[in-house]
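Peer 1: So here's work32.txt (compact mmCIF, C-alpha atoms).
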```txt
# COMPACT_ATOMS: atom_id res chain seq x y z
CA MET W 1 16.78 32.39 -26.23
CA SER W 2 17.94 28.79 -26.45
CA LEU W 3 16.78 26.80 -23.42
CA ASN W 4 17.84 23.49 -21.91
CA ILE W 5 14.73 21.31 -21.85
CA LEU W 6 14.26 17.70 -20.74
CA VAL W 7 11.48 15.57 -22.21
CA PHE W 8 10.55 12.80 -19.77
CA LEU W 9 8.94 9.72 -21.34
CA GLY W 10 6.60 8.22 -18.76
CA SER W 11 6.48 4.64 -19.98
CA VAL W 12 8.55 1.49 -19.58
CA ARG W 13 6.32 -0.71 -21.74
CA ASP W 14 8.11 -2.17 -24.74
CA SER W 15 5.85 -5.03 -25.76
CA THR W 16 2.48 -5.79 -27.28
CA PRO W 17 -0.27 -5.40 -26.30
CA PRO W 18 -0.82 -2.52 -26.66
CA ARG W 19 -0.27 -2.22 -30.36
CA PRO W 20 1.86 -0.53 -31.42
CA ALA W 21 4.39 -0.91 -28.62
CA ARG W 22 5.88 2.22 -27.00
CA LEU W 23 3.18 4.56 -28.18
CA GLY W 24 4.43 7.22 -25.79
CA GLU W 25 7.82 7.27 -27.48
CA ARG W 26 6.14 8.67 -30.60
CA VAL W 27 4.67 11.54 -28.61
CA ALA W 28 7.95 12.24 -26.82
CA LEU W 29 9.89 12.27 -30.09
CA ALA W 30 7.36 14.63 -31.66
CA CYS W 31 7.83 17.02 -28.73
CA LEU W 32 11.60 16.64 -28.96
CA ALA W 33 11.66 17.43 -32.69
CA GLN W 34 9.47 20.53 -32.41
CA LEU W 35 11.47 21.95 -29.51
CA GLN W 36 14.73 21.33 -31.34
CA ALA W 37 13.33 23.03 -34.44
CA ALA W 38 12.61 26.07 -32.25
CA GLY W 39 16.32 26.22 -31.37
CA HIS W 40 16.30 24.68 -27.92
CA ASP W 41 18.79 22.18 -26.47
CA VAL W 42 16.58 19.15 -25.79
CA ALA W 43 17.23 15.69 -24.35
CA LEU W 44 14.92 12.69 -24.06
CA ILE W 45 14.84 10.98 -20.66
CA ASP W 46 13.73 7.38 -21.21
CA PRO W 47 13.28 5.31 -18.02
CA LEU W 48 14.12 2.14 -19.97
CA GLU W 49 17.65 3.51 -20.34
CA ILE W 50 18.10 4.32 -16.64
CA ASP W 51 19.14 1.70 -14.10
CA LEU W 52 17.09 2.77 -11.08
CA PRO W 53 18.03 1.24 -7.71
CA ARG W 54 15.82 -1.51 -6.36
CA PRO W 55 14.49 -1.47 -3.73
CA PHE W 56 13.55 2.19 -4.13
CA LYS W 57 16.10 4.64 -2.77
CA PRO W 58 16.07 8.28 -3.92
CA GLU W 59 19.17 10.11 -5.06
CA PHE W 60 19.12 12.51 -2.09
CA ALA W 61 19.08 9.62 0.42
CA TYR W 62 22.64 8.59 -0.44
CA ALA W 63 25.71 10.06 1.24
CA LYS W 64 27.26 12.82 -0.83
CA GLY W 65 29.04 11.36 -3.83
CA ARG W 66 27.74 7.84 -3.19
CA ALA W 67 24.60 7.74 -5.34
CA PRO W 68 24.63 5.33 -8.32
CA ASP W 69 26.01 6.89 -11.50
CA ALA W 70 22.63 6.71 -13.27
CA LEU W 71 21.00 8.80 -10.53
CA SER W 72 23.90 11.24 -10.24
CA GLN W 73 24.00 11.86 -13.96
CA LEU W 74 20.26 12.43 -14.23
CA ALA W 75 20.30 14.68 -11.14
CA ALA W 76 22.90 16.84 -12.87
CA GLN W 77 20.76 17.00 -16.02
CA ILE W 78 17.69 18.03 -14.04
CA ALA W 79 19.63 20.68 -12.12
CA ALA W 80 20.95 22.17 -15.37
CA ALA W 81 17.56 22.19 -17.13
CA ASP W 82 15.44 25.29 -17.66
CA GLY W 83 12.17 23.44 -18.17
CA PHE W 84 10.53 20.08 -18.65
CA VAL W 85 8.00 18.24 -20.79
CA MET W 86 6.29 15.38 -18.97
CA VAL W 87 4.84 12.76 -21.34
CA SER W 88 2.44 10.30 -19.77
CA PRO W 89 -0.30 7.79 -20.58
CA GLU W 90 -3.29 7.43 -18.27
CA TYR W 91 -3.50 4.71 -15.63
CA ASN W 92 -6.74 4.56 -13.63
CA HIS W 93 -7.44 8.25 -14.22
CA SER W 94 -3.93 9.07 -13.02
CA MET W 95 -0.42 9.61 -14.32
CA SER W 96 1.92 6.83 -15.30
CA PRO W 97 3.41 4.98 -12.31
CA ALA W 98 6.64 4.68 -14.30
CA LEU W 99 6.91 8.46 -14.55
CA ALA W 100 6.08 9.01 -10.89
CA ASP W 101 8.61 6.36 -9.88
CA LEU W 102 11.35 8.03 -11.91
CA LEU W 103 10.64 11.56 -10.70
CA ASN W 104 10.31 10.47 -7.07
CA HIS W 105 14.00 9.59 -7.04
CA PHE W 106 14.88 13.30 -6.91
CA GLY W 107 14.22 16.11 -4.46
CA SER W 108 12.18 19.07 -5.59
CA SER W 109 15.18 21.40 -5.29
CA LEU W 110 16.32 20.10 -8.68
CA PHE W 111 12.97 20.89 -10.34
CA SER W 112 11.86 23.99 -8.45
CA TYR W 113 11.39 27.39 -10.06
CA LYS W 114 11.30 25.88 -13.54
CA PRO W 115 8.14 25.39 -15.64
CA SER W 116 6.81 22.22 -17.23
CA VAL W 117 4.43 21.11 -19.97
CA ILE W 118 1.99 18.25 -19.47
CA ALA W 119 1.69 16.04 -22.55
CA THR W 120 -0.61 13.01 -22.38
CA TYR W 121 -1.69 10.45 -24.95
CA SER W 122 -3.82 7.37 -25.43
CA ALA W 123 -4.68 4.66 -27.90
CA GLY W 124 -8.33 5.67 -27.49
CA GLN W 125 -10.34 8.85 -27.72
CA TRP W 126 -9.55 10.73 -24.50
CA GLY W 127 -5.85 11.41 -25.01
CA GLY W 128 -4.98 10.87 -21.35
CA ALA W 129 -6.77 14.06 -20.30
CA ARG W 130 -7.79 12.65 -16.92
CA ALA W 131 -4.16 11.86 -16.08
CA ALA W 132 -3.30 15.50 -16.77
CA VAL W 133 -5.59 16.66 -13.95
CA ASN W 134 -3.63 14.55 -11.50
CA MET W 135 -0.30 15.64 -12.99
CA ARG W 136 -1.00 19.32 -12.32
CA THR W 137 -1.08 18.67 -8.58
CA TYR W 138 1.93 16.37 -8.64
CA LEU W 139 4.18 18.63 -10.72
CA SER W 140 3.19 21.70 -8.69
CA GLU W 141 4.26 19.90 -5.51
CA LEU W 142 7.49 18.89 -7.21
CA GLY W 143 8.12 22.56 -7.92
CA CYS W 144 8.02 22.62 -11.72
CA LEU W 145 4.64 24.30 -12.13
CA PRO W 146 2.86 23.31 -15.37
CA VAL W 147 1.95 26.02 -17.86
CA SER W 148 -1.76 26.44 -18.57
CA ALA W 149 -1.71 24.94 -22.09
CA MET W 150 -1.58 21.15 -22.17
CA ILE W 151 -1.04 18.62 -24.95
CA HIS W 152 -3.40 15.65 -25.41
CA VAL W 153 -2.96 13.16 -28.25
CA PRO W 154 -5.92 10.76 -28.64
CA LYS W 155 -5.50 7.77 -30.94
CA ALA W 156 -1.80 8.58 -31.08
CA ALA W 157 -1.01 5.64 -33.38
CA GLU W 158 -3.17 7.33 -36.03
CA VAL W 159 -1.32 10.64 -35.66
CA LEU W 160 2.39 9.82 -35.26
CA ASP W 161 4.81 7.32 -36.75
CA GLU W 162 7.62 5.43 -34.98
CA VAL W 163 10.02 8.38 -35.06
CA GLY W 164 7.52 11.04 -34.00
CA GLY W 165 6.64 12.29 -37.47
CA TYR W 166 3.09 12.97 -38.59
CA LEU W 167 1.43 10.24 -40.60
CA LYS W 168 0.18 10.78 -44.12
CA GLY W 169 -3.22 12.45 -44.11
CA VAL W 170 -2.69 14.09 -40.73
CA ASP W 171 -2.92 17.89 -40.58
CA ALA W 172 0.69 18.38 -39.49
CA GLU W 173 0.45 22.17 -39.48
CA ARG W 174 -2.52 22.09 -37.14
CA TRP W 175 -0.82 19.65 -34.78
CA ALA W 176 2.40 21.70 -34.79
CA SER W 177 0.39 24.80 -33.90
CA TYR W 178 -1.33 22.91 -31.09
CA LEU W 179 1.96 21.70 -29.59
CA GLY W 180 3.53 25.10 -30.20
CA ARG W 181 0.99 26.85 -27.98
CA ALA W 182 2.20 24.87 -24.98
CA PHE W 183 5.86 25.14 -25.95
CA ASP W 184 5.61 28.91 -26.43
CA GLN W 185 4.25 29.21 -22.90
CA LEU W 186 7.03 26.94 -21.64
CA ALA W 187 9.69 29.12 -23.29
CA TRP W 188 8.16 32.35 -21.95
CA TRP W 189 8.06 31.11 -18.37
CA ALA W 190 11.42 29.34 -18.61
CA GLU W 191 13.13 32.51 -19.81
CA ALA W 192 11.52 34.53 -17.01
CA ALA W 193 12.46 31.95 -14.36
CA LYS W 194 16.01 31.65 -15.68
CA PHE W 195 16.46 35.41 -15.46
CA GLN W 196 15.03 35.53 -11.96
CA ARG W 197 17.23 32.65 -10.75
CA GLY W 198 20.20 34.68 -11.94
CA VAL W 199 19.35 37.86 -10.05
CA ALA W 200 17.52 36.73 -6.92
CA GLN W 201 18.12 34.17 -4.20
CA VAL W 202 16.06 31.03 -4.69
CA PRO W 203 14.42 29.79 -1.46
CA GLU W 204 15.59 26.30 -0.58
CA ALA W 205 13.14 23.56 -1.50
CA PHE W 206 12.93 19.92 -0.44
CA ARG W 207 16.39 18.40 -0.77
CA HIS W 208 17.17 15.89 1.96
CA ASP W 209 14.18 15.42 4.26
CA PRO W 210 10.47 15.29 3.37
CA SER W 211 9.76 17.49 6.40
CA GLN W 212 11.32 20.35 4.42
CA ARG W 213 8.06 20.49 2.43
CA ASN W 214 6.15 21.58 5.51
CA ALA W 215 5.59 25.06 6.88
CA PRO W 216 7.09 25.87 10.32
```
Could you write out this structure as structure tokens?
Peer 2:
Amino acid sequence: MSLNILVFLGSVRDSTPPRPARLGERVALACLAQLQAAGHDVALIDPLEIDLPRPFKPEFAYAKGRAPDALSQLAAQIAAADGFVMVSPEYNHSMSPALADLLNHFGSSLFSYKPSVIATYSAGQWGGARAAVNMRTYLSELGCLPVSAMIHVPKAAEVLDEVGGYLKGVDAERWASYLGRAFDQLAWWAEAAKFQRGVAQVPEAFRHDPSQRNAP
């Protein structure tokens, strides 16, 4: 089954240091290419290409039909998606503030009952693994529960080139198998959730008021 998947790039850095610039873009493009090769409809969501309102105001806080076009268009993409890949570096043992800022503009109703994959990276040896621990909690609260398999790319500049291809000397087959384990889980859960959304009523999640997260 072909699925509609969004790959969120959790970085707005486009300068050096670090070197090379936009290391996360390489990881996101690698994910994008492998998912497309598997037959899925995939789009890259790059926060540098989205004009977020400042000061912060989430999409659901606007009167109906009054949200900025950038937010409305992305809200429609999220609502139509079957699953997500969240690509993030590590900041202070936590997820990227750029990614959290972007996702916080939308209520969990748009994400809920759809799975996600956590993909982290680093210029050093840990591959952002500590950020992934934090991301599990965050994405679960958002409603797009992460699958058990995660992707970590340490020393990403030594693995991927500028367009997300594997560098010479890298075991591309092994890396593709590693990414594929997470993406296979994503597809399995996304297909199951898509079927269930079509036959059963989905309980309403947080849409307009943060109090909707709370139990009675």
Peer 1: Could you work out how far atom CA of W:Lys168 lies from atom CA of W:Phe8, giving the answer in Å with one decimal?
Peer 2: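 That distance, rounded to one decimal, is 26.5 Å.
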Peer 1: Could you check the closest approach to W:Pro154 for each of W:Ile5, W:Ala81, W:Val42, W:Ala129 and tell me which residue wins, using all atoms listed in the file?
Peer 2: W:Ala129
Peer 1: Rounded to one decimal, what separation in Å do you get between atom CA of W:Gly127 and atom CA of W:Leu74?
Peer 2: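 Interatomic distance here is 28.3 Å.
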Peer 1: Find the residues near W:Pro47: any atom within 8 Å, counting all atoms listed in the file, skip ones fewer than 3 places away on the same chain, and give them as a count of residues only.
Peer 2: 9
Peer 1: One number please: atom CA of W:Glu173 to atom CA of W:Ser88, in Å, one decimal.
Peer 2: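 Here the two named atoms are 23.1 Å from each other.
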Peer 1: Using all atoms listed in the file, which residues sit within 12 Å of W:Ala37 once same-chain residues fewer than 5 positions away are excluded, as a list in words?
Peer 2: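 Here the answer would be Ser2, Ala30, Cys31, Leu32, Val42, Ala176, Gly180 and Phe183 of chain W.
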Peer 1: Just the residues within 7 Å of stretch 111-121 of chain W, please, counting only C-alpha atoms, with nothing from its chain fewer than 2 positions along; format it as a ChimeraX atom specification.
Peer 2: /W:24,78-79,82-89,108-109,127-129,132,142-147,150-154,156,182,186,189-190,193
Peer 1: Between W:Gln73, W:Asn92, W:Ser122, W:Asn4, which has the minimum distance to W:Arg22 (counting only C-alpha atoms)?
Peer 2: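 Closest to W:Arg22, using only C-alpha atoms: W:Ser122.
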Peer 1: What's the 6 Å shell around stretch 26-28 of chain W, counting all atoms listed in the file, without same-chain residues fewer than 4 positions away, as an MDAnalysis selection string?
Peer 2: chainID W and resid 162:164
Peer 1: Limited to C-alpha atoms, could you put the picked residues into a file as a PDB file, in the frame of the given file?
Peer 2:
```pdb
ATOM      1  CA  GLU W 162       7.620   5.430 -34.980  1.00  0.00           C
ATOM      2  CA  VAL W 163      10.020   8.380 -35.060  1.00  0.00           C
ATOM      3  CA  GLY W 164       7.520  11.040 -34.000  1.00  0.00           C
TER       4      GLY W 164
END
```
Peer 1: Just checking: using only C-alpha atoms, which residue out of W:Arg136, W:His40, W:Ser15, W:Ala33 ends up closest to W:Glu191?
Peer 2: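 Checking each candidate against W:Glu191, we get W:His40 as the closest.
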Peer 1: For W:Leu35, which of W:Ala131, W:Ala157, W:Ala80, W:Ala187 is the closest residue, counting only C-alpha atoms?
Peer 2: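 Distance minimum relative to W:Leu35 lands on W:Ala187.
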Peer 1: Could you check which of W:Ala21, W:Val199, W:Gly124, W:Met95 is closest to W:Tyr138, using all atoms listed in the file?
Peer 2: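 Using all atoms listed in the file, the shortest distance to W:Tyr138 belongs to W:Met95.
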Peer 1: Using only C-alpha atoms for the distances, tell me which of W:His105, W:Trp175, W:Pro203, W:Trp126 is nearest to W:Phe56.
Peer 2: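 Smallest distance to W:Phe56 is found for W:His105.
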